[in-house]
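> Okay, so here is protein.tsv, and as you'll see once you scroll down, it has TSV, C-alpha atoms.
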chain	number	residue	atom	x	y	z
J	1291	MET	CA	7.43	13.37	17.12
J	1292	ALA	CA	6.50	16.80	15.87
J	1293	ALA	CA	7.67	19.08	13.10
J	1294	ALA	CA	9.73	21.83	14.68
J	1295	GLY	CA	12.77	24.03	14.11
J	1296	ALA	CA	16.09	22.19	14.29
J	1297	THR	CA	17.19	24.61	16.98
J	1298	SER	CA	13.92	24.27	18.89
J	1299	PRO	CA	14.14	23.27	22.55
J	1300	ALA	CA	11.19	20.93	22.00
J	1301	SER	CA	13.28	17.77	21.91
J	1302	SER	CA	14.80	18.57	25.27
J	1303	MET	CA	11.45	19.74	26.69
J	1304	PHE	CA	9.85	16.41	25.82
J	1305	SER	CA	13.01	14.40	26.47
J	1306	THR	CA	12.57	12.54	23.26
J	1307	ALA	CA	13.70	12.53	19.66
J	1308	ILE	CA	11.80	14.63	17.17
J	1309	ALA	CA	11.92	14.98	13.41
J	1310	ALA	CA	13.04	18.52	12.80
J	1311	SER	CA	12.67	21.03	10.02
J	1312	ASP	CA	12.38	24.75	9.49
J	1313	VAL	CA	9.62	24.72	6.90
J	1314	PRO	CA	6.20	23.10	7.42
J	1315	GLU	CA	7.17	19.83	5.81
J	1316	ALA	CA	10.96	19.61	6.15
J	1317	GLY	CA	13.92	21.91	5.45
J	1318	PRO	CA	16.42	22.56	2.71
J	1319	GLU	CA	19.93	21.12	2.94
J	1320	ARG	CA	22.74	22.45	0.75
J	1321	CYS	CA	25.55	20.02	-0.06
J	1322	ASP	CA	28.07	19.95	-2.92
J	1323	GLY	CA	26.10	22.50	-4.89
J	1324	MET	CA	22.87	20.52	-4.58
J	1325	ILE	CA	19.84	21.52	-2.53
J	1326	TYR	CA	17.75	18.79	-0.92
J	1327	ASN	CA	14.37	18.80	0.77
J	1328	ALA	CA	15.71	17.30	3.98
J	1329	ALA	CA	14.74	16.39	7.54
J	1330	GLN	CA	16.77	15.71	10.65
J	1331	CYS	CA	15.88	13.77	13.76
J	1332	ILE	CA	17.08	15.65	16.84
J	1333	GLY	CA	17.65	13.85	20.16
J	1334	PRO	CA	16.93	15.27	23.61
J	1335	ASP	CA	20.46	16.64	23.95
J	1336	GLY	CA	20.12	18.52	20.68
J	1337	GLU	CA	22.27	16.06	18.75
J	1338	CYS	CA	21.33	15.03	15.23
J	1339	LEU	CA	20.41	11.34	15.33
J	1340	GLY	CA	19.72	10.90	11.63
J	1341	THR	CA	18.94	12.70	8.41
J	1342	HIS	CA	16.84	12.08	5.32
J	1343	ARG	CA	16.64	13.65	1.90
J	1344	LYS	CA	13.23	13.49	0.21
J	1345	LEU	CA	13.28	10.77	-2.43
J	1346	ILE	CA	10.40	11.72	-4.70
J	1347	LEU	CA	9.90	15.34	-5.67
J	1348	PRO	CA	6.51	16.32	-7.06
J	1349	PRO	CA	6.65	18.11	-10.43
J	1350	GLY	CA	6.78	21.90	-10.23
J	1351	PHE	CA	8.45	23.85	-7.43
J	1352	GLU	CA	10.11	20.92	-5.71
J	1353	ALA	CA	11.36	19.10	-8.81
J	1354	ASP	CA	12.59	22.46	-10.18
J	1355	HIS	CA	14.58	23.44	-7.10
J	1356	PHE	CA	15.63	20.30	-5.23
J	1357	HIS	CA	17.77	17.28	-5.94
J	1358	PRO	CA	16.24	13.92	-4.85
J	1359	GLY	CA	17.74	11.78	-2.12
J	1360	ALA	CA	19.25	8.39	-2.97
J	1361	GLY	CA	17.69	6.13	-0.32
J	1362	CYS	CA	16.97	5.88	3.38
J	1363	THR	CA	19.35	5.52	6.27
J	1364	VAL	CA	18.49	3.83	9.53
J	1365	PHE	CA	19.61	5.15	12.91
J	1366	THR	CA	19.09	3.79	16.40
J	1367	TYR	CA	17.54	5.62	19.33
J	1368	ARG	CA	16.90	3.82	22.65
J	1369	GLY	CA	17.38	0.50	20.85
J	1370	LEU	CA	14.75	1.31	18.23
J	1371	ARG	CA	15.76	1.35	14.56
J	1372	ILE	CA	14.30	4.42	12.89
J	1373	ALA	CA	14.13	5.78	9.35
J	1374	THR	CA	12.54	8.92	7.95
J	1375	LEU	CA	10.47	9.60	4.84
J	1376	ILE	CA	9.23	13.04	3.87
J	1377	CYS	CA	5.65	13.72	2.77
J	1378	PHE	CA	5.08	12.40	-0.81
J	1379	ASP	CA	7.73	9.68	-0.20
J	1380	ILE	CA	5.33	7.67	2.00
J	1381	GLU	CA	2.65	7.52	-0.70
J	1382	PHE	CA	4.84	5.07	-2.63
J	1383	PRO	CA	4.95	1.54	-1.24
J	1384	GLU	CA	8.45	1.14	-2.65
J	1385	THR	CA	9.94	3.65	-0.21
J	1386	ALA	CA	8.44	2.25	2.99
J	1387	ARG	CA	9.37	-1.28	1.87
J	1388	HIS	CA	12.92	-0.07	1.25
J	1389	ALA	CA	13.15	1.39	4.76
J	1390	ALA	CA	11.68	-1.76	6.34
J	1391	GLU	CA	14.10	-3.96	4.41
J	1392	LEU	CA	16.93	-1.84	5.81
J	1393	GLY	CA	15.62	-2.81	9.25
J	1394	ALA	CA	13.55	0.22	10.23
J	1395	GLU	CA	11.06	-0.52	13.03
J	1396	LEU	CA	9.64	3.01	13.17
J	1397	LEU	CA	9.13	5.39	10.27
J	1398	LEU	CA	9.07	9.11	11.04
J	1399	VAL	CA	7.17	11.07	8.41
J	1400	PRO	CA	7.09	14.86	8.63
J	1401	THR	CA	4.63	16.05	6.01
J	1402	ALA	CA	2.43	18.87	4.76
J	1403	LEU	CA	-0.63	17.03	3.44
J	1404	GLY	CA	-3.41	19.24	2.10
J	1405	SER	CA	-6.87	18.99	3.60
J	1406	GLN	CA	-8.25	17.58	0.33
J	1407	TRP	CA	-6.17	14.41	0.77
J	1408	GLY	CA	-7.97	12.80	3.68
J	1409	TRP	CA	-7.97	9.45	1.87
J	1410	VAL	CA	-4.18	9.49	1.81
J	1411	GLY	CA	-3.77	10.28	5.51
J	1412	ARG	CA	-6.50	7.97	6.78
J	1413	THR	CA	-6.22	4.90	4.54
J	1414	MET	CA	-3.11	4.86	2.36
J	1415	VAL	CA	-0.47	6.00	4.84
J	1416	PRO	CA	-1.65	3.62	7.62
J	1417	THR	CA	-1.32	0.80	5.07
J	1418	ARG	CA	2.42	1.50	4.79
J	1419	GLY	CA	2.89	0.55	8.44
J	1420	PHE	CA	0.70	-2.55	8.26
J	1421	GLU	CA	2.19	-3.93	5.04
J	1422	ASN	CA	5.66	-3.82	6.57
J	1423	GLY	CA	4.78	-4.61	10.19
J	1424	ILE	CA	6.34	-1.44	11.58
J	1425	PHE	CA	5.41	1.62	13.64
J	1426	LEU	CA	4.55	4.82	11.85
J	1427	ALA	CA	4.62	8.38	13.18
J	1428	TYR	CA	2.99	10.70	10.65
J	1429	ALA	CA	3.40	14.35	11.68
J	1430	ASN	CA	1.33	16.58	9.45
J	1431	HIS	CA	1.08	20.34	9.16
J	1432	SER	CA	-2.26	21.85	10.15
J	1433	GLY	CA	-4.21	25.06	9.66
J	1434	THR	CA	-3.76	27.29	6.64
J	1435	GLU	CA	-0.63	28.87	5.22
J	1436	SER	CA	-0.13	30.85	2.00
J	1437	GLY	CA	-3.71	30.11	1.06
J	1438	MET	CA	-3.28	26.36	1.45
J	1439	SER	CA	-5.25	24.32	3.97
J	1440	PHE	CA	-3.62	21.32	5.66
J	1441	LEU	CA	-5.27	18.19	7.02
J	1442	GLY	CA	-3.64	17.91	10.44
J	1443	GLU	CA	-4.57	14.46	11.80
J	1444	SER	CA	-1.04	13.45	12.72
J	1445	PHE	CA	-1.02	9.92	14.08
J	1446	VAL	CA	1.10	7.12	15.49
J	1447	SER	CA	0.17	3.60	14.42
J	1448	SER	CA	1.14	0.14	15.59
J	1449	PRO	CA	2.63	-2.59	13.32
J	1450	ASP	CA	-0.75	-4.37	13.34
J	1451	GLY	CA	-2.46	-1.28	11.96
J	1452	ARG	CA	-4.02	-0.01	15.19
J	1453	GLU	CA	-4.00	3.75	15.58
J	1454	LEU	CA	-2.39	4.48	18.94
J	1455	ILE	CA	-3.31	8.14	18.74
J	1456	ARG	CA	-4.54	10.59	16.09
J	1457	ALA	CA	-4.78	14.36	16.29
J	1458	GLY	CA	-7.67	16.41	14.99
J	1459	ALA	CA	-7.35	19.34	12.61
J	1460	ALA	CA	-5.65	21.59	15.20
J	1461	PRO	CA	-1.94	21.60	16.16
J	1462	ALA	CA	-1.18	19.00	18.84
J	1463	VAL	CA	1.67	17.19	20.55
J	1464	LEU	CA	1.06	13.44	20.49
J	1465	THR	CA	2.73	10.80	22.61
J	1466	ALA	CA	2.50	7.04	22.21
J	1467	GLU	CA	4.32	4.04	23.61
J	1468	ILE	CA	6.50	2.12	21.15
J	1469	ASP	CA	6.86	-1.54	22.13
J	1470	VAL	CA	9.41	-2.93	19.70
J	1471	THR	CA	8.35	-6.53	20.37
J	1472	LEU	CA	5.16	-5.72	18.44
J	1473	VAL	CA	7.27	-5.35	15.29
J	1474	ARG	CA	8.53	-8.91	15.62
J	1475	ALA	CA	5.02	-10.16	16.41
J	1476	ALA	CA	3.47	-8.44	13.38
J	1477	GLN	CA	6.22	-9.58	11.03
J	1478	ALA	CA	5.86	-13.17	12.27
J	1479	ARG	CA	2.05	-13.11	11.98
J	1480	LEU	CA	2.13	-11.68	8.46
J	1481	PRO	CA	5.61	-12.29	7.00
J	1482	TYR	CA	5.23	-9.82	4.14
J	1483	LEU	CA	8.92	-8.91	4.15
J	1484	ALA	CA	10.03	-12.54	3.87
J	1485	ASP	CA	7.31	-13.59	1.43
J	1486	ARG	CA	7.83	-10.66	-0.89
J	1487	LEU	CA	11.32	-12.00	-1.65
J	1488	LYS	CA	9.61	-14.98	-3.30
J	1489	ILE	CA	7.95	-12.75	-5.88
J	1490	ALA	CA	9.54	-13.02	-9.30
J	1491	LEU	CA	7.79	-10.54	-11.55
J	1492	PRO	CA	8.93	-9.84	-15.11
J	1493	SER	CA	9.36	-6.18	-15.99
J	1494	PRO	CA	6.70	-4.80	-18.34
A	313	MET	CA	-17.57	-10.15	-10.50
A	314	ALA	CA	-18.28	-13.12	-8.29
A	315	ALA	CA	-16.49	-16.33	-7.45
A	316	ALA	CA	-18.27	-19.17	-9.19
A	317	GLY	CA	-17.68	-22.51	-10.91
A	318	ALA	CA	-16.00	-22.26	-14.30
A	319	THR	CA	-18.93	-24.13	-15.81
A	320	SER	CA	-21.49	-21.98	-14.01
A	321	PRO	CA	-24.11	-20.25	-16.14
A	322	ALA	CA	-23.66	-17.14	-14.00
A	323	SER	CA	-21.60	-15.25	-16.55
A	324	SER	CA	-24.26	-15.66	-19.19
A	325	MET	CA	-27.05	-14.95	-16.68
A	326	PHE	CA	-25.49	-11.63	-15.76
A	327	SER	CA	-24.19	-10.97	-19.30
A	328	THR	CA	-20.84	-10.01	-17.97
A	329	ALA	CA	-17.40	-11.39	-17.28
A	330	ILE	CA	-16.79	-13.12	-13.97
A	331	ALA	CA	-13.69	-14.43	-12.26
A	332	ALA	CA	-14.26	-18.16	-12.00
A	333	SER	CA	-13.04	-20.91	-9.74
A	334	ASP	CA	-14.20	-24.17	-8.25
A	335	VAL	CA	-12.88	-23.67	-4.73
A	336	PRO	CA	-13.80	-20.70	-2.55
A	337	GLU	CA	-10.76	-18.69	-3.48
A	338	ALA	CA	-9.73	-19.98	-6.92
A	339	GLY	CA	-9.13	-23.39	-8.51
A	340	PRO	CA	-6.23	-25.71	-9.21
A	341	GLU	CA	-4.69	-25.84	-12.68
A	342	ARG	CA	-2.45	-28.75	-13.74
A	343	CYS	CA	0.16	-27.99	-16.39
A	344	ASP	CA	3.46	-29.71	-17.26
A	345	GLY	CA	3.45	-31.64	-14.02
A	346	MET	CA	2.92	-28.50	-11.93
A	347	ILE	CA	-0.22	-27.60	-10.03
A	348	TYR	CA	-1.14	-23.95	-9.70
A	349	ASN	CA	-3.70	-22.11	-7.60
A	350	ALA	CA	-5.37	-20.52	-10.60
A	351	ALA	CA	-8.35	-18.40	-11.63
A	352	GLN	CA	-10.06	-17.82	-14.95
A	353	CYS	CA	-12.19	-14.94	-16.11
A	354	ILE	CA	-15.20	-16.26	-18.04
A	355	GLY	CA	-17.09	-14.06	-20.51
A	356	PRO	CA	-20.87	-14.08	-21.08
A	357	ASP	CA	-20.55	-16.66	-23.89
A	358	GLY	CA	-18.64	-19.00	-21.62
A	359	GLU	CA	-15.30	-18.25	-23.21
A	360	CYS	CA	-12.18	-17.89	-21.08
A	361	LEU	CA	-11.04	-14.27	-21.34
A	362	GLY	CA	-7.95	-14.59	-19.18
A	363	THR	CA	-6.20	-16.67	-16.56
A	364	HIS	CA	-4.00	-16.06	-13.54
A	365	ARG	CA	-1.80	-18.26	-11.40
A	366	LYS	CA	-1.41	-17.15	-7.79
A	367	LEU	CA	1.97	-15.50	-7.34
A	368	ILE	CA	2.57	-15.73	-3.61
A	369	LEU	CA	1.74	-18.93	-1.78
A	370	PRO	CA	1.41	-18.77	2.01
A	371	PRO	CA	3.58	-21.25	3.89
A	372	GLY	CA	1.89	-24.58	4.66
A	373	PHE	CA	-0.73	-26.25	2.49
A	374	GLU	CA	-0.46	-23.90	-0.47
A	375	ALA	CA	3.33	-23.66	-0.60
A	376	ASP	CA	3.53	-27.45	-0.13
A	377	HIS	CA	1.16	-28.31	-2.98
A	378	PHE	CA	1.21	-25.52	-5.55
A	379	HIS	CA	3.75	-23.95	-7.84
A	380	PRO	CA	3.71	-20.11	-7.92
A	381	GLY	CA	2.76	-18.14	-11.01
A	382	ALA	CA	5.35	-16.03	-12.79
A	383	GLY	CA	3.53	-12.74	-13.28
A	384	CYS	CA	0.22	-11.23	-14.41
A	385	THR	CA	-1.29	-11.13	-17.85
A	386	VAL	CA	-3.66	-8.44	-19.04
A	387	PHE	CA	-6.71	-9.17	-21.18
A	388	THR	CA	-9.28	-6.86	-22.70
A	389	TYR	CA	-13.03	-7.03	-22.23
A	390	ARG	CA	-15.33	-4.34	-23.66
A	391	GLY	CA	-12.29	-2.12	-24.14
A	392	LEU	CA	-11.24	-2.43	-20.49
A	393	ARG	CA	-7.80	-3.84	-19.68
A	394	ILE	CA	-8.11	-6.35	-16.86
A	395	ALA	CA	-5.72	-8.40	-14.74
A	396	THR	CA	-6.35	-10.86	-11.92
A	397	LEU	CA	-4.66	-11.41	-8.57
A	398	ILE	CA	-5.65	-14.14	-6.15
A	399	CYS	CA	-6.17	-13.56	-2.43
A	400	PHE	CA	-2.76	-13.11	-0.68
A	401	ASP	CA	-1.30	-11.67	-3.93
A	402	ILE	CA	-3.12	-8.36	-3.42
A	403	GLU	CA	-1.64	-7.83	0.04
A	404	PHE	CA	1.72	-7.10	-1.59
A	405	PRO	CA	2.04	-3.69	-3.25
A	406	GLU	CA	4.54	-5.18	-5.69
A	407	THR	CA	1.92	-7.33	-7.41
A	408	ALA	CA	-0.72	-4.64	-7.95
A	409	ARG	CA	1.98	-2.25	-9.17
A	410	HIS	CA	3.17	-4.93	-11.57
A	411	ALA	CA	-0.35	-5.37	-12.99
A	412	ALA	CA	-0.87	-1.60	-13.29
A	413	GLU	CA	2.46	-1.20	-15.06
A	414	LEU	CA	1.33	-3.85	-17.54
A	415	GLY	CA	-1.62	-1.54	-18.25
A	416	ALA	CA	-4.39	-3.07	-16.12
A	417	GLU	CA	-7.26	-0.65	-15.47
A	418	LEU	CA	-9.29	-3.12	-13.40
A	419	LEU	CA	-7.98	-5.76	-11.02
A	420	LEU	CA	-10.19	-8.77	-10.34
A	421	VAL	CA	-9.37	-10.38	-7.00
A	422	PRO	CA	-11.14	-13.62	-6.03
A	423	THR	CA	-10.21	-14.31	-2.42
A	424	ALA	CA	-11.03	-16.18	0.77
A	425	LEU	CA	-10.15	-13.67	3.48
A	426	GLY	CA	-10.81	-14.79	7.03
A	427	SER	CA	-13.12	-12.76	9.23
A	428	GLN	CA	-10.23	-11.82	11.52
A	429	TRP	CA	-8.59	-9.80	8.72
A	430	GLY	CA	-11.02	-6.89	8.50
A	431	TRP	CA	-8.09	-4.45	8.44
A	432	VAL	CA	-6.81	-6.07	5.24
A	433	GLY	CA	-10.15	-5.94	3.42
A	434	ARG	CA	-11.18	-2.47	4.55
A	435	THR	CA	-7.91	-0.50	4.51
A	436	MET	CA	-5.03	-2.33	2.87
A	437	VAL	CA	-6.74	-3.75	-0.23
A	438	PRO	CA	-8.51	-0.46	-1.12
A	439	THR	CA	-5.09	1.19	-0.98
A	440	ARG	CA	-3.90	-1.02	-3.85
A	441	GLY	CA	-6.46	0.56	-6.16
A	442	PHE	CA	-5.75	4.12	-5.03
A	443	GLU	CA	-1.96	3.88	-5.20
A	444	ASN	CA	-2.17	2.74	-8.83
A	445	GLY	CA	-5.20	4.75	-9.91
A	446	ILE	CA	-7.19	1.71	-11.06
A	447	PHE	CA	-10.50	-0.03	-10.39
A	448	LEU	CA	-10.58	-2.96	-7.99
A	449	ALA	CA	-13.16	-5.74	-7.71
A	450	TYR	CA	-12.49	-7.75	-4.57
A	451	ALA	CA	-14.73	-10.84	-4.41
A	452	ASN	CA	-14.42	-12.50	-1.03
A	453	HIS	CA	-15.82	-15.75	0.30
A	454	SER	CA	-18.38	-15.42	3.10
A	455	GLY	CA	-19.93	-17.53	5.83
A	456	THR	CA	-18.11	-20.47	7.40
A	457	GLU	CA	-16.53	-23.52	5.80
A	458	SER	CA	-14.43	-26.30	7.37
A	459	GLY	CA	-14.52	-24.41	10.65
A	460	MET	CA	-13.17	-21.23	9.11
A	461	SER	CA	-15.11	-17.99	9.10
A	462	PHE	CA	-14.78	-15.60	6.16
A	463	LEU	CA	-15.19	-11.82	6.12
A	464	GLY	CA	-17.44	-11.35	3.10
A	465	GLU	CA	-17.51	-7.59	2.35
A	466	SER	CA	-16.71	-7.93	-1.34
A	467	PHE	CA	-16.39	-4.51	-2.92
A	468	VAL	CA	-15.75	-2.56	-6.10
A	469	SER	CA	-13.68	0.62	-5.76
A	470	SER	CA	-12.95	3.52	-8.04
A	471	PRO	CA	-9.41	4.70	-8.99
A	472	ASP	CA	-9.79	7.65	-6.61
A	473	GLY	CA	-10.45	5.31	-3.69
A	474	ARG	CA	-14.22	5.68	-3.49
A	475	GLU	CA	-16.11	2.50	-2.70
A	476	LEU	CA	-18.72	2.10	-5.41
A	477	ILE	CA	-20.37	-0.78	-3.58
A	478	ARG	CA	-19.54	-3.10	-0.67
A	479	ALA	CA	-21.35	-6.25	0.46
A	480	GLY	CA	-22.04	-7.18	4.04
A	481	ALA	CA	-21.12	-10.49	5.63
A	482	ALA	CA	-23.69	-12.48	3.59
A	483	PRO	CA	-23.30	-13.75	0.00
A	484	ALA	CA	-24.25	-11.11	-2.56
A	485	VAL	CA	-24.02	-10.25	-6.23
A	486	LEU	CA	-22.64	-6.74	-6.68
A	487	THR	CA	-22.82	-4.57	-9.76
A	488	ALA	CA	-20.99	-1.30	-10.36
A	489	GLU	CA	-20.35	0.93	-13.34
A	490	ILE	CA	-16.76	1.06	-14.58
A	491	ASP	CA	-15.98	4.35	-16.31
A	492	VAL	CA	-12.48	3.86	-17.73
A	493	THR	CA	-11.93	7.63	-18.10
A	494	LEU	CA	-11.65	7.73	-14.30
A	495	VAL	CA	-8.44	5.71	-14.55
A	496	ARG	CA	-6.83	8.37	-16.73
A	497	ALA	CA	-8.14	11.12	-14.42
A	498	ALA	CA	-6.77	9.46	-11.27
A	499	GLN	CA	-3.41	8.70	-12.85
A	500	ALA	CA	-3.11	12.30	-14.06
A	501	ARG	CA	-4.13	13.74	-10.67
A	502	LEU	CA	-1.68	11.53	-8.76
A	503	PRO	CA	0.93	10.26	-11.22
A	504	TYR	CA	2.22	7.51	-8.94
A	505	LEU	CA	3.06	5.19	-11.84
A	506	ALA	CA	5.15	7.82	-13.62
A	507	ASP	CA	6.78	9.23	-10.47
A	508	ARG	CA	7.70	5.85	-9.09
A	509	LEU	CA	10.06	5.38	-12.06
A	510	LYS	CA	12.13	8.24	-10.63
A	511	ILE	CA	12.85	6.31	-7.45
A	512	ALA	CA	16.40	5.00	-7.30
A	513	LEU	CA	16.71	2.93	-4.15
A	514	PRO	CA	19.81	0.90	-3.33
A	515	SER	CA	19.20	-2.71	-2.35
A	516	PRO	CA	19.74	-3.45	1.34
In C-alpha cells, what does this structure look like?


Amino acid sequence: MAAAGATSPASSMFSTAIAASDVPEAGPERCDGMIYNAAQCIGPDGECLGTHRKLILPPGFEADHFHPGAGCTVFTYRGLRIATLICFDIEFPETARHAAELGAELLLVPTALGSQWGWVGRTMVPTRGFENGIFLAYANHSGTESGMSFLGESFVSSPDGRELIRAGAAPAVLTAEIDVTLVRAAQARLPYLADRLKIALPSP
Amino acid sequence: MAAAGATSPASSMFSTAIAASDVPEAGPERCDGMIYNAAQCIGPDGECLGTHRKLILPPGFEADHFHPGAGCTVFTYRGLRIATLICFDIEFPETARHAAELGAELLLVPTALGSQWGWVGRTMVPTRGFENGIFLAYANHSGTESGMSFLGESFVSSPDGRELIRAGAAPAVLTAEIDVTLVRAAQARLPYLADRLKIALPSP
C-alpha cells in the first residue's frame, strides 16, 4: 500500500491494491453538496475496490471545510476483508474496533503524521492492530511540505503486533505478506473482540 | 503504587496511597452472595480510599468463580482523581476510556501479566494512558509462582506517553512525581476525549 494519485499506474505496476489519494493524506470527495476527506482503494486493473470518508476531523481547516464520514465499509480483495481509516481516525480506539467488528482483517491507513508525533506512529497505532487482532498497513507521508515535516516510517504489522516491515524517514515502497490465518490465530489467542461484548459500562 | 496485602503497613511506611490486594493480582471480595476479583486503594492512615471490581474476566477459572464489576468509580487523593482497573481490564480501550470520561487523572492497575506478554506491558498498556491523556501506574507481579512466570516491569507513565520510571524483572518499589497540570496539557494538546464524542459509528 502506498499513498498515490487515484489515476496513478502504481497499482497496476505493483499488481496489487493501493489506497489512493491526490493530497498527501487522502483526497476530497464532493457528494450531495458535502465535501469529504476521502480515500479510495484502487485494484490492479484500476477499479475502485472501496472508499472511506474520514470520520474524525481535527478542529481548524478540516472541521471547517469537510463533512465527517458516518462509519467504515469493508470490501474484499483476494479473499481478504479490508477497511480504511484516514490519519487521525486511527488514533481513536473506537474507530479501529468498529472496523474490526465489521469483519475487517486488514486496515489501510493513509496518513500525514507530523515528525513530532513519533509516539503515535511507533506505539499507539501499532496497538490498534494488536488490540483487534488484525493486520495494519500505515502509509505515512514523508519529507517536508508547506513548512511541515512528516514522520515517514510507514509500516505493516501482523495481528500479533509484530512489525513485518517499517520504512525510515525517506519515501519507500513496502511489501509484506498477509497470511489471513494469523487473524484467526490472534483473535483466538486473545479474544478481545468477543470479550469486549461482555463489558457493561454505565455512561458518565 | 505496589501490590500488597490490605493490612500491610506499606502504605503508612511510604506515606502514600497504594493499590492493595492479597493475591498477586488483586483479591476476592464477597458481597450479596457474589464473589468479585477486587482491589482496594489504601491511604497512609490505613483507610480505604477506593475500590474496584474487575470488569472483564478471562474464560476459565476467573469467569467460573467471579462475578464481573459494573464500572469504575473515581476517588480523590491529595486533589488527584484516581480510578483502578485490574489486569485484563486495561487491555480493552473501552475501560480506560470509561475511567477517563468519569474524570480519572491517574489509573492504578494492579496486575499479574505473564512474561510472554511483553508486547502488552510495553506497547499496549502505555497506549491507554496516552490515548486518554492521563497518568498510569501499572504494578505487575514478578518472578515465578505456581509454575507461572511474570513479566515484572511495573511502570508509571505521564499523560504524554513518557515513562517516568519502569522496573526490571525483579520486585521493586517505584516512586514518581504526579503533576496533575500535565493531564490538562495533554488533553488540550490532543483532545481525544472531546473529539471522540463526535464519532457516530453505526453498530455492526

> What does the distance from CA of Pro1481 (chain J) to CA of Asp1379 (chain J) come to in Å, to one decimal?

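One can read the CA of Pro1481 (chain J) to CA of Asp1379 (chain J) distance as 23.2 Å.
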
> Please report as a tab-separated table every residue of chain A lying within 6 Å of chain J, along with the nearest atom pair and their distance in Å (one decimal), using only C-alpha atoms.


residue	atom	partner	partner_atom	distance
A:Gly383	CA	J:Leu1491	CA	5.1
A:Leu414	CA	J:Pro1494	CA	5.5
A:Thr435	CA	J:Thr1413	CA	5.7
A:Met436	CA	J:Thr1417	CA	5.3
A:Thr439	CA	J:Met1414	CA	5.3
A:Leu513	CA	J:Gly1361	CA	5.1
A:Pro516	CA	J:Leu1392	CA	5.5

> Using Å and a single decimal, report how far CA of Glu465 (chain A) sits from CA of Asn452 (chain A).

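These atoms are spaced 6.7 Å apart.
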
> Which residues, protein or nucleic acid, reach to within 9 Å of (-0.9, 27.2, 12.1) in the file's coordinates when using only C-alpha atoms, and can you give that as a ChimeraX atom specification?

/J:1431-1435,1460-1461

> Kindly provide, as JSON, the centre and edge lengths (Å, one decimal) of an axis-aligned box around all atoms of region 427-442 of chain A given in the file, with 6 Å on each side.


{"center_x": -8.5, "center_y": -4.3, "center_z": 2.7, "size_x": 21.2, "size_y": 28.9, "size_z": 29.7}

> As number ranges by chain, please: the residues near Gly345 (chain A) (cut-off 12 Å, all atoms listed in the file, same-chain neighbours under 4 positions excluded).

A: 341, 377-379

> What lies within 10 Å of Arg501 (chain A) using all atoms listed in the file, ignoring chain neighbours under 5 positions off, as a VMD selection string?

chain A and resid 445 472 495 to 496

> What's around region 484-486 of chain A at 9 Å? Count only C-alpha atoms, leave out sequence neighbours fewer than 2 positions away in its own chain, and write the answer as a ChimeraX atom specification.

/A:313-314,464,466-468,477-482,488

> Just checking: using all atoms listed in the file, which residue out of J:Cys1331, J:Leu1426, J:Cys1377, J:Leu1441 ends up closest to Leu1397 (chain J)?

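Looking only at the distances to Leu1397 (chain J), the closest residue turns out to be J:Leu1426.
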
> What does the distance from CA of Val1470 (chain J) to CA of Arg1343 (chain J) come to in Å, to one decimal?

25.4 Å

> Which of these, A:Ala497, A:Met460, A:Ile446, A:Leu397, has the shortest distance to Gln428 (chain A) once you count only C-alpha atoms?

A:Met460

> Quick one: everything within 6 Å of region 390-396 of chain A, counting all atoms listed in the file, minus sequence neighbours fewer than 2 positions away in the same chain. Send it as a list in words.

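Final neighbour list, sorted by chain and number: His364, Val386, Phe387, Thr388, Ala416, Glu417, Leu418, Leu419, Leu420 and Val421 of chain A.
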
> Hey, which of A:Glu374, A:Asn349, A:Ala408, A:Thr385 ends up closest to Gly362 (chain A)? Count all atoms listed in the file.

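For Gly362 (chain A), the nearest of the candidates is A:Thr385.
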
> For Ala1476 (chain J), which residue out of J:Asp1335, J:Phe1351, J:Ser1448, J:Ala1328 is the nearest one, using only C-alpha atoms?

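Selected residue with least distance to Ala1476 (chain J): J:Ser1448.
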